[in-house]
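Structure first, then comments.
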Amino acid sequence: MSVLVYIDHAGGNIKKVSLEALSYATKVAELTGAAGVTALVLGSAADATVAGLGAYGATHVLWANNPLFDNFDSGAFTKAIAEAAAQTGANLVVLSHNSRGKAIAPRLSVRLKAPLIAGAVSLPTLDGSALVVRKSVFSGKAFADCVLAGATNIISLNPNAYSVAKGGGSCSVSAFSPSVSAADFKITTVSVEKQSGDAVPLPEAELVVSAGRGMRGPENWYLVEDLATALGATTACSRPVADVHWRPHHEHVGQTGITIRPNLYIAIGISGAIQHLAGVNNSKVIVVINKDSEAPFFKAADYGIVGDAFEILPKLTEAVKRFKAEHA
Amino acid sequence: MKILVCVCQTPDTAAKIDFVDNNTQFNANGVTFIMNPTDEWYALVRAIELKKQHGGTVTTITVGGAENEQTIRKGLAIGADDAVRIDTNAADSYGVAAQIAEYARSQNYDLILTGKETIDYNGSSVGGMIAELLDLPYLSGASHLDMPDANTAIAKCEIEGGIETLSAATPLVISSQKGMAEQVIPNMQGIMLSRRKPLTVVAPAAINDLASVKVFEKPAPRSSVKLIDPDNAADLIRLLHEEAKVI
């Protein structure tokens, strides 16, 4: 058995979700006695960055240091990854279930005739020689344990489902020249607009502070942002708040917005409609702050405070600052 | 312009989810079904808007049994011209995508639209699989789609921390999400017209599924909420550190 991991990066900065995928793949290799873990990097990056993947478990890196791959086209990337899988004899390909992964993994599944588990949430177990992998279904209301019994299999790993494990390993790096040409790139990037400033992008965030109509208006959001900044968290919001443009759409979490599974989700003034829960119910710890003790969200919460957010938020922000100062 | 919209029927958002046969099958008994929200609100509505702009036809395609027909008629009531139902129950995303691709292969669609994911199996895979099967470009998770002419698609796609504006020539496949269009409620005229619009039932191609579900499991219910006195709100931070260990 041999494992291939596709490493997503932006301008040579390797994404944390790809380090999660690499750490996960390394653990799967250990569980299945695989011969090694090959990391695949497509496009321009620094030598040290690529070689540094050894610390996360890669035994070998294939690197197509070709500026063609600085543009993204799921078809061209799929072609390159499929060639790498063939070259390394990979039985398992792992990638993150992030925006790039969602575009690549289904294409790769077809190209390699390999079963795909899209959005794995935990390590596989073994059933004979088949891998059994858990994913979230019915918008967080259930899990499905799926069987991967192909000659090659693909797992796309949900962001924040597995912790990055850094060790002292090193790896060899070799040049990779897939038969991909400019003609394989059929999508033109017109522009890229950055959204989230310096905060961790919402789908990758471990800590999220989210608020809803209970905040009464966008002018009060500084209370939410102060708490988020103190915690080092990313801000999010409920659908009604995005719909009336109190907050930008990319902050909307829920069934029609973004699905997240952070370690901590703090929901302020959000009643907890089923559509909202569908986007957050796999969060590890949920805190609900609401003045209505009957808000349905309390039933899905680990911790709750029944009270006025306008009084509670400044107290929490102060408490976080004190906590950070004590634990600095 | 010929547009194909992939439409799936899913349990209602508020449906209670249960399983039977030792948790190997979804229990559809007593469940209300709806059109998958992202298929309906974004892919289908935007397709109809683009047809108004450029002319042509909007066809919906559904893989599944006759129990899907109410959902399919709703698509026609919203404004699709005709519908295709491939008469089989696919076991995975690949089964669905391969059936649709086999049908679409000879039809020369300019644009194939899907929702970003279904709210039941959350695979987010059918669009990308169709694109690879038909060797077409694929834009995943588009929140805006404009077609300045019938041969060019310009889409905004969300990536972590930003939005990319991408352009590609038709034919292509695009998965759609919030922002692409606004929900449309079918009017009485649409509902009346939908009854006479063609719904073609097509025999399935021979396709083998790739992945299979071994067993379903519902998450353990969260232990009941621990309430913290609002006057001691700072206690929450201590508990998040000492007990929950998330900060």
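Within each chain, counting starts at residue 1; across the structure tokens, chains are named A, B, ... in the order shown, with ligands numbered 1 upward in that order.
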
For the contact check between chain A and chain B, emit one row per residue of chain A within 7 Å, containing the shortest atom pair and the distance in Å rounded to one decimal, counting only C-alpha atoms, chain then rising number order, as CSV.
```
residue,atom,partner,partner_atom,distance
A:Ser74,CA,B:Tyr138,CA,6.7
A:Gly75,CA,B:Pro137,CA,6.4
A:Ser99,CA,B:Ile159,CA,5.5
A:Lys102,CA,B:Ser124,CA,6.8
A:Ala103,CA,B:Ser140,CA,5.5
A:Pro106,CA,B:Met129,CA,5.0
A:Arg107,CA,B:Met129,CA,5.0
A:Val110,CA,B:Met129,CA,6.1
A:Ala114,CA,B:Leu210,CA,6.9
A:Pro115,CA,B:Leu210,CA,4.7
A:Leu116,CA,B:Ala211,CA,6.6
A:Ala118,CA,B:Gly123,CA,5.7
A:Val137,CA,B:Tyr121,CA,4.9
A:Phe138,CA,B:Asp120,CA,4.0
A:Ser139,CA,B:Ile119,CA,5.6
A:Lys141,CA,B:Lys218,CA,6.5
A:Ala142,CA,B:Lys218,CA,4.3
A:Phe143,CA,B:Glu217,CA,5.1
A:Ala144,CA,B:Phe216,CA,4.4
A:Asp145,CA,B:Val215,CA,5.3
A:Cys146,CA,B:Val213,CA,4.2
A:Val147,CA,B:Ser212,CA,5.5
A:Leu148,CA,B:Ala211,CA,6.0
A:Lys186,CA,B:Ala168,CA,6.3
A:Ile187,CA,B:Ala168,CA,4.9
A:Thr188,CA,B:Ser167,CA,5.1
A:Thr189,CA,B:Leu166,CA,4.6
A:Val190,CA,B:Thr165,CA,5.3
A:Ser191,CA,B:Thr165,CA,5.2
A:Val192,CA,B:Glu164,CA,4.4
A:Glu193,CA,B:Ile163,CA,5.2
A:Lys194,CA,B:Gly162,CA,4.2
A:Gln195,CA,B:Gly162,CA,4.6
A:Ser196,CA,B:Gly161,CA,5.2
A:Pro201,CA,B:Gly161,CA,4.7
A:Pro203,CA,B:Glu160,CA,6.7
A:Thr256,CA,B:Lys178,CA,6.2
A:Gly257,CA,B:Lys178,CA,6.7
A:Asn263,CA,B:Val246,CA,6.1
A:Leu264,CA,B:Val246,CA,6.4
A:Ile274,CA,B:Ala14,CA,6.4
A:Gln275,CA,B:Thr13,CA,6.8
A:Phe298,CA,B:Val225,CA,6.5
A:Lys299,CA,B:Val225,CA,6.7
A:Ala300,CA,B:Arg222,CA,6.5
A:Ala301,CA,B:Val225,CA,5.4
A:Asp302,CA,B:Val225,CA,4.6
A:Tyr303,CA,B:Lys226,CA,4.7
A:Gly304,CA,B:Leu227,CA,4.7
A:Ile305,CA,B:Ile228,CA,5.2
A:Val306,CA,B:Pro230,CA,6.6
A:Gly307,CA,B:Pro230,CA,5.9
A:Ile312,CA,B:Ala233,CA,6.5
A:Lys315,CA,B:Ala233,CA,6.6
A:Leu316,CA,B:Ala234,CA,5.6
A:Ala319,CA,B:Ala234,CA,5.2
A:Val320,CA,B:Ile237,CA,6.5
```

**Request:** Just the residues within 12 Å of region 151-155 of chain A, please, counting only C-alpha atoms, with nothing from its chain fewer than 6 positions along; format it as a PyMOL selection string.
**Result:** (chain A and resi 1-6+21-22+24-25+28+81-82+85-86+88-97+101-102+104-124+129-135) or (chain B and resi 123+210-211)

**Request:** From a DSSP calculation on the backbone, collect every residue of region 3-207 of chain B in strand (DSSP E) and output the set as an NGL selection string.
**Result:** :B and (3-6 or 9-11 or 19-20 or 25-26 or 33-35 or 57-63 or 82-86 or 111-115 or 138-149 or 152-159 or 162-169 or 172-176 or 199-202)

**Request:** Please run DSSP on the backbone and report, as a PyMOL selection string, all residues within region 100-273 of chain A that come out as helix (DSSP H, G or I).
**Result:** chain A and resi 100-112+138-140+182-184+202-204+213-215+218-220+222-231+239-243+249-251
